[in-house]
Amino acid sequence: MKKLLLIVPSLHQGGSEKVCAMTAVALKPYFDVQIAIFDSTNIDFDVGDIPVADIGLPSRPGKLAKVLNVLRRAHRLKWLKRKEQIDIAYSFGPTANLANVFAGRLFSRKGAKCWLGVMSYMDMDSSWLGLFCKKADRLLCCSETLRGMIEKKYACGCAYTLTGFFDIPQIRARAEEEEAELPWRDGRIIVSMGREDVVKGYWHLLKIFSLVHRKLPDTKLLMIGKGEFTAYRKLAEELGVADAVCFAGLQKNPYPYLKKGTLYLLTSYWEGFPNALVEAMAMGLPAVATDCMTGPAEIFDGKYGILVPNMGKDPDMDASHIEEEERSTAERVVSLLENEEELARYGRLSVERAGVFSKEAYIRKIREWSVE
């Protein structure tokens with residue numbers, strides 16, 4: 001059985017961290033799996049009895065400190081790879097990729113195969129991406145669009161597409177494990193899920209919802225994700241919808257909350273492969289999403305959800321200022337909520353599409369690549 005080392009900055013809340021944890025559990029029957037992390041504080045994801053090695057080098061402020069951190073992480077990873085006789089080292093995201101590259105390809109040409117995971121369109125801005133392309137055995141991109149962009153920009157011959165995967169029966173089973181506690185007993189609920197981050201465009205979400213709420217007063221907004229959301233709570237008050245918005249916070253099991261939803265709305269202006277969107281679709285929620293650089297268009301594939309225009313990336317907390325794209329998106333959401341047949345049809349399409357991103361296909365790809 002080949003030895004696989006998965007490398008991620010932490011197992012705290014985040015898309016890359018979640019994919020790493022899920023990958024570890026899914027591949028355990030087929031590989032001798034270990035995980036290496038740089039920081040063991042606030043572990044959110046359960047990986048069972050899979051060994052986790054804490055490198056003990058969390059992020060540090062300052063350019064010089066960051067450079068030294070990369071080199072120290074690489075040195076400890078190199079030692080770990082040799083000690084454990086790792087066959088494949090697969091890292092997730094820019095900081096983990098840097099350490100993996102330096103540990104496996106720049107310090108020495110010998111050792112484990114070096115697989116690097118490009119998990120977001122934002123990684124395209126990394127000055128190190130050209131280096132990754134030259135030094136990796138495989139560059140695994142979270143979307144086909146992102147893979148094509150990297151191939152074109154860097155003439156990269158080692159880029160492959162590996163989207164996230166979703167165990168729909170498990171997602172649905174976890175949705176029944178508990179009852180989500182919400183401040184309302186009835187009404188149609190729009191759901192969005194993700195950490196507090198400017199790339200999520202939550203000011204757009206709140207403004208769109210306020211327009212929907214004016215036309216359909218029974219609608220509510222449920223926001224699931226880590227963060228204080230202080231500025232957004234204030235914006236909700238200024239928009240006059242604070243009583244109709246619930247900031248549910250980080251939920252280790254978000255599926256009972258998704259189960260309460262009527263529709264899922266994503267307003268990001270940047271994504272890689274938005275796992276939360278597919279998880280909501282797996283729960284049968286009709287989906288509306290911005291046509292951001294990568295992710296939603298590929299997931300919807302022209303018919304499985306509703307794409308709306310991408311919107312401005314600069315935070316706008318002025319409650320009196322509503323963009324035309326926000327108005328048009330609100331109109332599309334209202335139209336869907338008012339049409340029960342369309343709502344049900346998109347719900348069925350969501351489940352159908354989510355099933356394409358199966359665990360079996362994900363495992364099959366990695367097992368095939370591991371023997372090449």
# chains A, B, ... in the order shown; residues from 1 in each chain; ligands from 1
>>> residues_around(residues="A:Ala112", least_positions_apart="2", cutoff="10 Å", atoms="only C-alpha atoms", output="JSON, numbers by chain")
{"A": [3, 4, 5, 78, 81, 82, 85, 86, 87, 88, 89, 90, 100, 103, 104, 105, 109, 110, 114, 115, 137]}
>>> residues_around(residues="A:Met311", least_positions_apart="2", cutoff="10 Å", atoms="only C-alpha atoms", output="number ranges by chain")
A: 201, 204, 267-269, 290-292, 308-309, 313-314, 323-326
>>> write_last_selection(atoms="N, CA and C atoms", output="compact mmCIF listing (two decimals), in the first residue's frame")
# COMPACT_ATOMS: atom_id res chain seq x y z
N GLY A 201 -18.77 38.60 -0.95
CA GLY A 201 -19.73 39.61 -1.39
C GLY A 201 -20.99 39.67 -0.55
N HIS A 204 -23.58 42.41 -1.00
CA HIS A 204 -24.51 42.17 -2.11
C HIS A 204 -25.67 41.27 -1.64
N THR A 267 -23.13 34.84 -3.63
CA THR A 267 -22.84 36.16 -4.19
C THR A 267 -21.34 36.45 -4.28
N SER A 268 -20.52 35.42 -4.27
CA SER A 268 -19.06 35.61 -4.34
C SER A 268 -18.65 36.23 -5.66
N TYR A 269 -17.57 37.02 -5.62
CA TYR A 269 -16.99 37.49 -6.88
C TYR A 269 -15.72 36.71 -7.23
N THR A 290 -23.64 33.89 -8.56
CA THR A 290 -22.96 34.84 -9.44
C THR A 290 -22.05 34.10 -10.41
N ASP A 291 -21.93 34.64 -11.59
CA ASP A 291 -21.06 34.07 -12.61
C ASP A 291 -19.64 34.55 -12.37
N CYS A 292 -19.06 34.14 -11.23
CA CYS A 292 -17.71 34.56 -10.89
C CYS A 292 -16.69 33.74 -11.70
N VAL A 308 -26.34 34.53 -12.28
CA VAL A 308 -26.64 35.96 -12.33
C VAL A 308 -25.31 36.71 -12.52
N PRO A 309 -25.35 37.97 -12.95
CA PRO A 309 -24.09 38.69 -13.23
C PRO A 309 -23.21 38.81 -12.00
N LYS A 313 -16.46 44.12 -6.50
CA LYS A 313 -15.66 43.46 -5.47
C LYS A 313 -15.30 44.37 -4.30
N ASP A 314 -15.57 45.66 -4.42
CA ASP A 314 -15.25 46.59 -3.34
C ASP A 314 -16.42 46.69 -2.37
N GLU A 323 -26.95 48.48 -6.47
CA GLU A 323 -26.47 48.32 -7.84
C GLU A 323 -27.55 47.69 -8.72
N GLU A 324 -27.43 47.94 -10.02
CA GLU A 324 -28.39 47.38 -10.96
C GLU A 324 -28.35 45.85 -10.94
N GLU A 325 -27.14 45.29 -10.79
CA GLU A 325 -27.02 43.83 -10.73
C GLU A 325 -27.70 43.26 -9.49
N GLU A 326 -27.67 44.00 -8.40
CA GLU A 326 -28.37 43.56 -7.19
C GLU A 326 -29.88 43.56 -7.42
>>> select_by_dssp(residues="stretch 304-337 of chain A", states="alpha helix (DSSP H)", output="PDB file with all heavy atoms, in the first residue's frame")
ATOM      1  N   GLU A 324     -27.434  47.945 -10.018  1.00  0.00           N
ATOM      2  CA  GLU A 324     -28.390  47.382 -10.961  1.00  0.00           C
ATOM      3  C   GLU A 324     -28.346  45.851 -10.940  1.00  0.00           C
ATOM      4  O   GLU A 324     -29.375  45.185 -11.036  1.00  0.00           O
ATOM      5  CB  GLU A 324     -28.097  47.892 -12.377  1.00  0.00           C
ATOM      6  CG  GLU A 324     -29.111  47.444 -13.413  1.00  0.00           C
ATOM      7  CD  GLU A 324     -30.537  47.838 -13.047  1.00  0.00           C
ATOM      8  OE1 GLU A 324     -30.744  48.953 -12.532  1.00  0.00           O
ATOM      9  OE2 GLU A 324     -31.451  47.013 -13.271  1.00  0.00           O
ATOM     10  N   GLU A 325     -27.140  45.287 -10.790  1.00  0.00           N
ATOM     11  CA  GLU A 325     -27.016  43.827 -10.728  1.00  0.00           C
ATOM     12  C   GLU A 325     -27.702  43.260  -9.492  1.00  0.00           C
ATOM     13  O   GLU A 325     -28.238  42.149  -9.529  1.00  0.00           O
ATOM     14  CB  GLU A 325     -25.529  43.421 -10.732  1.00  0.00           C
ATOM     15  CG  GLU A 325     -24.804  43.674 -12.034  1.00  0.00           C
ATOM     16  CD  GLU A 325     -24.273  45.090 -12.159  1.00  0.00           C
ATOM     17  OE1 GLU A 325     -24.522  45.899 -11.230  1.00  0.00           O
ATOM     18  OE2 GLU A 325     -23.627  45.389 -13.169  1.00  0.00           O
ATOM     19  N   GLU A 326     -27.669  43.999  -8.403  1.00  0.00           N
ATOM     20  CA  GLU A 326     -28.373  43.563  -7.190  1.00  0.00           C
ATOM     21  C   GLU A 326     -29.882  43.563  -7.417  1.00  0.00           C
ATOM     22  O   GLU A 326     -30.586  42.640  -6.998  1.00  0.00           O
ATOM     23  CB  GLU A 326     -27.992  44.465  -6.014  1.00  0.00           C
ATOM     24  CG  GLU A 326     -26.535  44.311  -5.588  1.00  0.00           C
ATOM     25  CD  GLU A 326     -26.035  45.422  -4.692  1.00  0.00           C
ATOM     26  OE1 GLU A 326     -26.702  46.475  -4.593  1.00  0.00           O
ATOM     27  OE2 GLU A 326     -24.964  45.252  -4.084  1.00  0.00           O
ATOM     28  N   ARG A 327     -30.375  44.579  -8.102  1.00  0.00           N
ATOM     29  CA  ARG A 327     -31.811  44.647  -8.402  1.00  0.00           C
ATOM     30  C   ARG A 327     -32.238  43.505  -9.323  1.00  0.00           C
ATOM     31  O   ARG A 327     -33.259  42.850  -9.084  1.00  0.00           O
ATOM     32  CB  ARG A 327     -32.157  45.989  -9.050  1.00  0.00           C
ATOM     33  CG  ARG A 327     -31.991  47.186  -8.139  1.00  0.00           C
ATOM     34  CD  ARG A 327     -32.523  48.458  -8.781  1.00  0.00           C
ATOM     35  NE  ARG A 327     -32.183  49.624  -7.989  1.00  0.00           N
ATOM     36  CZ  ARG A 327     -32.853  50.019  -6.916  1.00  0.00           C
ATOM     37  NH1 ARG A 327     -33.919  49.330  -6.523  1.00  0.00           N
ATOM     38  NH2 ARG A 327     -32.486  51.090  -6.241  1.00  0.00           N
ATOM     39  N   SER A 328     -31.449  43.262 -10.369  1.00  0.00           N
ATOM     40  CA  SER A 328     -31.825  42.211 -11.324  1.00  0.00           C
ATOM     41  C   SER A 328     -31.756  40.831 -10.675  1.00  0.00           C
ATOM     42  O   SER A 328     -32.587  39.953 -10.959  1.00  0.00           O
ATOM     43  CB  SER A 328     -30.926  42.266 -12.566  1.00  0.00           C
ATOM     44  OG  SER A 328     -29.575  42.010 -12.243  1.00  0.00           O
ATOM     45  N   THR A 329     -30.781  40.627  -9.792  1.00  0.00           N
ATOM     46  CA  THR A 329     -30.687  39.347  -9.083  1.00  0.00           C
ATOM     47  C   THR A 329     -31.872  39.158  -8.150  1.00  0.00           C
ATOM     48  O   THR A 329     -32.457  38.066  -8.075  1.00  0.00           O
ATOM     49  CB  THR A 329     -29.364  39.261  -8.294  1.00  0.00           C
ATOM     50  OG1 THR A 329     -28.265  39.348  -9.200  1.00  0.00           O
ATOM     51  CG2 THR A 329     -29.276  37.952  -7.526  1.00  0.00           C
ATOM     52  N   ALA A 330     -32.249  40.213  -7.449  1.00  0.00           N
ATOM     53  CA  ALA A 330     -33.412  40.142  -6.554  1.00  0.00           C
ATOM     54  C   ALA A 330     -34.669  39.793  -7.340  1.00  0.00           C
ATOM     55  O   ALA A 330     -35.490  38.978  -6.894  1.00  0.00           O
ATOM     56  CB  ALA A 330     -33.586  41.465  -5.818  1.00  0.00           C
ATOM     57  N   GLU A 331     -34.826  40.385  -8.518  1.00  0.00           N
ATOM     58  CA  GLU A 331     -35.995  40.088  -9.358  1.00  0.00           C
ATOM     59  C   GLU A 331     -36.004  38.627  -9.780  1.00  0.00           C
ATOM     60  O   GLU A 331     -37.058  37.982  -9.803  1.00  0.00           O
ATOM     61  CB  GLU A 331     -35.997  41.004 -10.583  1.00  0.00           C
ATOM     62  CG  GLU A 331     -36.306  42.462 -10.260  1.00  0.00           C
ATOM     63  CD  GLU A 331     -36.119  43.372 -11.451  1.00  0.00           C
ATOM     64  OE1 GLU A 331     -35.796  42.855 -12.563  1.00  0.00           O
ATOM     65  OE2 GLU A 331     -36.274  44.600 -11.308  1.00  0.00           O
ATOM     66  N   ARG A 332     -34.818  38.095 -10.088  1.00  0.00           N
ATOM     67  CA  ARG A 332     -34.735  36.679 -10.494  1.00  0.00           C
ATOM     68  C   ARG A 332     -35.077  35.765  -9.332  1.00  0.00           C
ATOM     69  O   ARG A 332     -35.746  34.733  -9.511  1.00  0.00           O
ATOM     70  CB  ARG A 332     -33.317  36.371 -11.011  1.00  0.00           C
ATOM     71  CG  ARG A 332     -33.196  35.042 -11.693  1.00  0.00           C
ATOM     72  CD  ARG A 332     -33.987  35.044 -12.992  1.00  0.00           C
ATOM     73  NE  ARG A 332     -33.994  33.737 -13.634  1.00  0.00           N
ATOM     74  CZ  ARG A 332     -34.893  32.776 -13.398  1.00  0.00           C
ATOM     75  NH1 ARG A 332     -35.851  32.967 -12.519  1.00  0.00           N
ATOM     76  NH2 ARG A 332     -34.835  31.634 -14.052  1.00  0.00           N
ATOM     77  N   VAL A 333     -34.633  36.118  -8.140  1.00  0.00           N
ATOM     78  CA  VAL A 333     -34.923  35.315  -6.954  1.00  0.00           C
ATOM     79  C   VAL A 333     -36.424  35.356  -6.645  1.00  0.00           C
ATOM     80  O   VAL A 333     -37.046  34.317  -6.358  1.00  0.00           O
ATOM     81  CB  VAL A 333     -34.101  35.799  -5.742  1.00  0.00           C
ATOM     82  CG1 VAL A 333     -34.579  35.134  -4.456  1.00  0.00           C
ATOM     83  CG2 VAL A 333     -32.616  35.516  -5.962  1.00  0.00           C
ATOM     84  N   VAL A 334     -37.013  36.525  -6.710  1.00  0.00           N
ATOM     85  CA  VAL A 334     -38.452  36.661  -6.457  1.00  0.00           C
ATOM     86  C   VAL A 334     -39.246  35.834  -7.453  1.00  0.00           C
ATOM     87  O   VAL A 334     -40.187  35.109  -7.088  1.00  0.00           O
ATOM     88  CB  VAL A 334     -38.880  38.144  -6.521  1.00  0.00           C
ATOM     89  CG1 VAL A 334     -40.406  38.263  -6.565  1.00  0.00           C
ATOM     90  CG2 VAL A 334     -38.332  38.907  -5.326  1.00  0.00           C
ATOM     91  N   SER A 335     -38.853  35.927  -8.719  1.00  0.00           N
ATOM     92  CA  SER A 335     -39.551  35.171  -9.767  1.00  0.00           C
ATOM     93  C   SER A 335     -39.512  33.674  -9.487  1.00  0.00           C
ATOM     94  O   SER A 335     -40.515  32.962  -9.660  1.00  0.00           O
ATOM     95  CB  SER A 335     -38.919  35.478 -11.125  1.00  0.00           C
ATOM     96  OG  SER A 335     -39.484  34.686 -12.146  1.00  0.00           O
ATOM     97  N   LEU A 336     -38.360  33.186  -9.032  1.00  0.00           N
ATOM     98  CA  LEU A 336     -38.225  31.757  -8.747  1.00  0.00           C
ATOM     99  C   LEU A 336     -39.042  31.366  -7.512  1.00  0.00           C
ATOM    100  O   LEU A 336     -39.730  30.334  -7.519  1.00  0.00           O
ATOM    101  CB  LEU A 336     -36.748  31.416  -8.537  1.00  0.00           C
ATOM    102  CG  LEU A 336     -36.401  29.944  -8.329  1.00  0.00           C
ATOM    103  CD1 LEU A 336     -36.896  29.082  -9.494  1.00  0.00           C
ATOM    104  CD2 LEU A 336     -34.892  29.760  -8.157  1.00  0.00           C
ATOM    105  N   LEU A 337     -38.975  32.172  -6.472  1.00  0.00           N
ATOM    106  CA  LEU A 337     -39.708  31.855  -5.246  1.00  0.00           C
ATOM    107  C   LEU A 337     -41.220  31.860  -5.458  1.00  0.00           C
ATOM    108  O   LEU A 337     -41.962  31.141  -4.775  1.00  0.00           O
ATOM    109  CB  LEU A 337     -39.342  32.843  -4.139  1.00  0.00           C
ATOM    110  CG  LEU A 337     -37.941  32.705  -3.530  1.00  0.00           C
ATOM    111  CD1 LEU A 337     -37.665  33.840  -2.563  1.00  0.00           C
ATOM    112  CD2 LEU A 337     -37.755  31.356  -2.843  1.00  0.00           C
TER     113      LEU A 337
END
>>> closest_residue(among="A:Lys365, A:Val199, A:Leu80, A:Phe273", to="A:Cys141", atoms="only C-alpha atoms")
A:Phe273
>>> closest_residue(among="A:Phe45, A:Tyr154, A:Phe357, A:Phe38", to="A:Ala24", atoms="only C-alpha atoms")
A:Phe45
>>> residues_around(residues="A:Tyr121", least_positions_apart="6", cutoff="8 Å", atoms="only C-alpha atoms", output="PyMOL selection string")
chain A and resi 146+270-272+293-294
>>> closest_residue(among="A:Asn42, A:Thr161, A:Ser10, A:Ser143", to="A:Thr95", atoms="only C-alpha atoms")
A:Ser10
>>> closest_residue(among="A:Lys2, A:Lys83, A:Arg353, A:Lys207", to="A:Ile322", atoms="only C-alpha atoms")
A:Lys207
>>> residues_around(residues="stretch 63-73 of chain A", least_positions_apart="6", cutoff="8 Å", atoms="only C-alpha atoms", output="ChimeraX atom specification")
/A:38,55,57,95,98-99,102
>>> decode(residues="stretch 346-368 of chain A", atoms="N, CA and C atoms", output="compact mmCIF listing (two decimals), in the first residue's frame")
# COMPACT_ATOMS: atom_id res chain seq x y z
N TYR A 346 -35.90 23.03 -10.28
CA TYR A 346 -34.49 23.32 -9.99
C TYR A 346 -34.00 22.52 -8.77
N GLY A 347 -34.88 22.23 -7.84
CA GLY A 347 -34.50 21.38 -6.72
C GLY A 347 -34.11 19.99 -7.18
N ARG A 348 -34.89 19.43 -8.11
CA ARG A 348 -34.56 18.09 -8.66
C ARG A 348 -33.26 18.15 -9.45
N LEU A 349 -33.08 19.21 -10.23
CA LEU A 349 -31.85 19.35 -11.01
C LEU A 349 -30.63 19.49 -10.11
N SER A 350 -30.80 20.16 -8.98
CA SER A 350 -29.69 20.31 -8.02
C SER A 350 -29.20 18.96 -7.54
N VAL A 351 -30.13 18.10 -7.14
CA VAL A 351 -29.76 16.77 -6.65
C VAL A 351 -29.10 15.95 -7.76
N GLU A 352 -29.64 16.04 -8.96
CA GLU A 352 -29.08 15.31 -10.10
C GLU A 352 -27.63 15.74 -10.36
N ARG A 353 -27.39 17.05 -10.36
CA ARG A 353 -26.05 17.55 -10.66
C ARG A 353 -25.06 17.23 -9.55
N ALA A 354 -25.48 17.37 -8.30
CA ALA A 354 -24.58 17.08 -7.19
C ALA A 354 -24.07 15.65 -7.24
N GLY A 355 -24.92 14.75 -7.75
CA GLY A 355 -24.52 13.35 -7.83
C GLY A 355 -23.36 13.08 -8.78
N VAL A 356 -23.09 14.02 -9.71
CA VAL A 356 -21.98 13.85 -10.65
C VAL A 356 -20.64 13.93 -9.93
N PHE A 357 -20.58 14.73 -8.87
CA PHE A 357 -19.32 14.94 -8.14
C PHE A 357 -19.21 13.89 -7.03
N SER A 358 -19.03 12.66 -7.45
CA SER A 358 -19.10 11.54 -6.52
C SER A 358 -17.74 11.22 -5.90
N LYS A 359 -17.80 10.62 -4.74
CA LYS A 359 -16.58 10.17 -4.07
C LYS A 359 -15.87 9.10 -4.88
N GLU A 360 -16.64 8.24 -5.53
CA GLU A 360 -16.06 7.13 -6.31
C GLU A 360 -15.20 7.65 -7.45
N ALA A 361 -15.69 8.68 -8.17
CA ALA A 361 -14.93 9.25 -9.28
C ALA A 361 -13.65 9.91 -8.78
N TYR A 362 -13.72 10.57 -7.66
CA TYR A 362 -12.57 11.24 -7.06
C TYR A 362 -11.49 10.22 -6.68
N ILE A 363 -11.91 9.16 -6.00
CA ILE A 363 -10.97 8.12 -5.59
C ILE A 363 -10.34 7.44 -6.80
N ARG A 364 -11.17 7.17 -7.80
CA ARG A 364 -10.66 6.49 -9.00
C ARG A 364 -9.55 7.29 -9.68
N LYS A 365 -9.73 8.60 -9.80
CA LYS A 365 -8.71 9.44 -10.43
C LYS A 365 -7.39 9.39 -9.66
N ILE A 366 -7.46 9.55 -8.35
CA ILE A 366 -6.24 9.57 -7.54
C ILE A 366 -5.54 8.21 -7.59
N ARG A 367 -6.28 7.14 -7.55
CA ARG A 367 -5.67 5.81 -7.60
C ARG A 367 -5.00 5.58 -8.95
N GLU A 368 -5.63 6.02 -10.04
CA GLU A 368 -5.03 5.88 -11.37
C GLU A 368 -3.75 6.69 -11.48
